[in-house]
Amino acid sequence: MSTAAERPLLFLDIDGPLIPFGSLQPSLTEAAPDHGNPLLARLDPGVGARLLALGCSLVWATTWMEEANEVVAPRLGLPRLPVLDLPEADGPSLRGLHWKTRPLVEWAGGRPFVWVDDEIGAVDRQWVAAAHPGPALLHRVDPARGLQDSDFRALGDWLAALGHPS
């Protein structure tokens with residue numbers, strides 16, 4: 001059995017993948033208090049178990065920062081997760097490169113990783129392919145629908161191809 005340090009990383013965004021921007025699913029209308037954010041009712045509490053079942057080391061990659069652990073994680077049944085820091089605006093950025101791309105490649109340090117986000121673009125894919133020596137899956141989620149069965153199949157298939165049991 002692989003240890004947590006050997007597991008692939010899964011960098012996870014909230015807005016779009018976990019909180020879809022499309023119409024609210026009727027099954028998700030019965031929610032806990034919204035902590036001032038009515039969009040929290042769009043969280044599917046079953047997604048947490050499905051993410052944990054992938055067997056990856058989960059990392060928040062979201063502008064929610066630490067609030068992801070305080071507000072979102074408990075609703076999904078997730079433990080407290082590490083949080084990808086916002087980068088310092090200390091230099092020029094490649095046009096079209098997402099702010100998360102460089103920090104998550106640095107965090108991964110060559111380990112296999114999955115990045116689940118709704119804002120991944122071609123420049124991010126090219127940059128990761130050139131800068132990251134290990135396997136990486138940049139999985140774009142439809143922000144109107146959020147994570148779906150097809151997304152979990154794609155993640156599971158990629159992890160299985162790596163030889164990672166999920």
# chains A, B, ... in the order shown; residues from 1 in each chain; ligands from 1

$ residues_around --residues "A:Gln148" --least-positions-apart "5" --cutoff "12 Å" --atoms "only C-alpha atoms" --output "ChimeraX atom specification"
/A:16-20,44,46-47,50-51,116,140-143,153-155

$ select_by_dssp --residues "chain A" --states "alpha helix (DSSP H)" --output "PyMOL selection string"
chain A and resi 47-53+67+73-76+101-108+122-131+149-161

$ atom_distance --atom1 "atom CA of A:Asn69" --atom2 "atom CA of A:Leu162"
28.8 Å

$ select_by_dssp --residues "stretch 27-165 of chain A" --states "strand (DSSP E or B)" --output "list of chain:residue names"
A:Ser57, A:Leu58, A:Val59, A:Trp60, A:Val83, A:Phe113, A:Val114, A:Trp115, A:Val116, A:Asp117, A:Ala136, A:Leu137, A:Leu138, A:His139, A:Arg140

$ write_last_selection --atoms "C-alpha atoms" --output "mmCIF file, in the first residue's frame"
data_model
loop_
_atom_site.group_PDB
_atom_site.id
_atom_site.type_symbol
_atom_site.label_atom_id
_atom_site.label_comp_id
_atom_site.auth_asym_id
_atom_site.auth_seq_id
_atom_site.Cartn_x
_atom_site.Cartn_y
_atom_site.Cartn_z
ATOM 1 C CA SER A 57 -3.543 13.602 -1.351
ATOM 2 C CA LEU A 58 -6.074 16.429 -1.651
ATOM 3 C CA VAL A 59 -4.982 20.081 -1.673
ATOM 4 C CA TRP A 60 -7.275 23.113 -1.912
ATOM 5 C CA VAL A 83 -4.132 25.077 0.954
ATOM 6 C CA PHE A 113 -0.826 15.306 -9.844
ATOM 7 C CA VAL A 114 -4.336 16.041 -10.988
ATOM 8 C CA TRP A 115 -5.627 19.590 -11.148
ATOM 9 C CA VAL A 116 -9.436 19.891 -11.119
ATOM 10 C CA ASP A 117 -10.587 23.378 -12.100
ATOM 11 C CA ALA A 136 -0.012 15.492 -14.669
ATOM 12 C CA LEU A 137 -3.671 15.603 -15.572
ATOM 13 C CA LEU A 138 -5.195 19.054 -15.947
ATOM 14 C CA HIS A 139 -8.902 18.232 -15.826
ATOM 15 C CA ARG A 140 -11.264 21.041 -16.757
#

$ closest_residue --among "A:Pro8, A:Pro74, A:Pro87, A:Gly110" --to "A:Gly55" --atoms "only C-alpha atoms"
A:Pro8

$ closest_atom_pairs --of "stretch 84-161 of chain A" --to "stretch 37-42 of chain A" --cutoff "12 Å" --atoms "only C-alpha atoms" --output "Markdown table"
| residue | atom | partner | partner_atom | distance |
| --- | --- | --- | --- | --- |
| A:Pro143 | CA | A:Arg42 | CA | 11.9 |
| A:Ala144 | CA | A:Arg42 | CA | 11.1 |
| A:Arg145 | CA | A:Arg42 | CA | 10.2 |
| A:Gly146 | CA | A:Arg42 | CA | 9.4 |
| A:Leu147 | CA | A:Arg42 | CA | 11.5 |

$ residues_around --residues "A:Gly134" --least-positions-apart "4" --cutoff "9 Å" --atoms "only C-alpha atoms" --output "list in words"
Ala108, Gly109, Gly110, Arg111, Pro112, Phe113 and Ala129 of chain A

$ write_last_selection --atoms "all heavy atoms" --output "PDB file, in the first residue's frame"
ATOM      1  N   ALA A 108       3.939  20.283  -6.272  1.00  0.00           N
ATOM      2  CA  ALA A 108       4.022  18.881  -6.685  1.00  0.00           C
ATOM      3  C   ALA A 108       5.461  18.373  -6.667  1.00  0.00           C
ATOM      4  O   ALA A 108       5.697  17.204  -6.355  1.00  0.00           O
ATOM      5  CB  ALA A 108       3.412  18.701  -8.071  1.00  0.00           C
ATOM      6  N   GLY A 109       6.408  19.222  -6.976  1.00  0.00           N
ATOM      7  CA  GLY A 109       7.813  18.820  -6.910  1.00  0.00           C
ATOM      8  C   GLY A 109       8.129  17.549  -7.696  1.00  0.00           C
ATOM      9  O   GLY A 109       8.920  16.729  -7.250  1.00  0.00           O
ATOM     10  N   GLY A 110       7.500  17.365  -8.835  1.00  0.00           N
ATOM     11  CA  GLY A 110       7.751  16.204  -9.663  1.00  0.00           C
ATOM     12  C   GLY A 110       6.795  15.038  -9.430  1.00  0.00           C
ATOM     13  O   GLY A 110       6.771  14.089 -10.208  1.00  0.00           O
ATOM     14  N   ARG A 111       6.027  15.085  -8.334  1.00  0.00           N
ATOM     15  CA  ARG A 111       5.041  14.018  -8.069  1.00  0.00           C
ATOM     16  C   ARG A 111       3.909  14.072  -9.082  1.00  0.00           C
ATOM     17  O   ARG A 111       3.555  15.146  -9.569  1.00  0.00           O
ATOM     18  CB  ARG A 111       4.422  14.204  -6.677  1.00  0.00           C
ATOM     19  CG  ARG A 111       5.284  13.730  -5.554  1.00  0.00           C
ATOM     20  CD  ARG A 111       4.715  14.086  -4.212  1.00  0.00           C
ATOM     21  NE  ARG A 111       3.426  13.474  -3.897  1.00  0.00           N
ATOM     22  CZ  ARG A 111       2.733  13.773  -2.805  1.00  0.00           C
ATOM     23  NH1 ARG A 111       3.196  14.652  -1.926  1.00  0.00           N
ATOM     24  NH2 ARG A 111       1.585  13.188  -2.564  1.00  0.00           N
ATOM     25  N   PRO A 112       3.305  12.933  -9.370  1.00  0.00           N
ATOM     26  CA  PRO A 112       2.112  12.950 -10.227  1.00  0.00           C
ATOM     27  C   PRO A 112       1.019  13.790  -9.564  1.00  0.00           C
ATOM     28  O   PRO A 112       0.860  13.762  -8.345  1.00  0.00           O
ATOM     29  CB  PRO A 112       1.689  11.486 -10.291  1.00  0.00           C
ATOM     30  CG  PRO A 112       2.878  10.704  -9.882  1.00  0.00           C
ATOM     31  CD  PRO A 112       3.668  11.585  -8.956  1.00  0.00           C
ATOM     32  N   PHE A 113       0.282  14.535 -10.401  1.00  0.00           N
ATOM     33  CA  PHE A 113      -0.826  15.306  -9.844  1.00  0.00           C
ATOM     34  C   PHE A 113      -1.957  15.450 -10.833  1.00  0.00           C
ATOM     35  O   PHE A 113      -1.770  15.345 -12.043  1.00  0.00           O
ATOM     36  CB  PHE A 113      -0.376  16.675  -9.335  1.00  0.00           C
ATOM     37  CG  PHE A 113      -0.053  17.698 -10.392  1.00  0.00           C
ATOM     38  CD1 PHE A 113      -1.060  18.477 -10.977  1.00  0.00           C
ATOM     39  CD2 PHE A 113       1.254  17.915 -10.787  1.00  0.00           C
ATOM     40  CE1 PHE A 113      -0.759  19.435 -11.930  1.00  0.00           C
ATOM     41  CE2 PHE A 113       1.562  18.876 -11.739  1.00  0.00           C
ATOM     42  CZ  PHE A 113       0.547  19.634 -12.315  1.00  0.00           C
ATOM     43  N   ALA A 129       3.317  20.870 -19.120  1.00  0.00           N
ATOM     44  CA  ALA A 129       4.032  19.855 -19.906  1.00  0.00           C
ATOM     45  C   ALA A 129       5.521  20.170 -19.987  1.00  0.00           C
ATOM     46  O   ALA A 129       6.360  19.256 -19.941  1.00  0.00           O
ATOM     47  CB  ALA A 129       3.432  19.751 -21.305  1.00  0.00           C
TER      48      ALA A 129
END

$ closest_residue --among "A:Met65, A:Leu76, A:Cys56, A:Leu159" --to "A:Leu43" --atoms "only C-alpha atoms"
A:Leu76

$ closest_residue --among "A:Gly121, A:Leu94, A:Gly48, A:Pro133" --to "A:Leu81" --atoms "only C-alpha atoms"
A:Gly48

$ closest_residue --among "A:Asp15, A:Asp85, A:Asp151, A:Asp118" --to "A:Arg102" --atoms "only C-alpha atoms"
A:Asp85
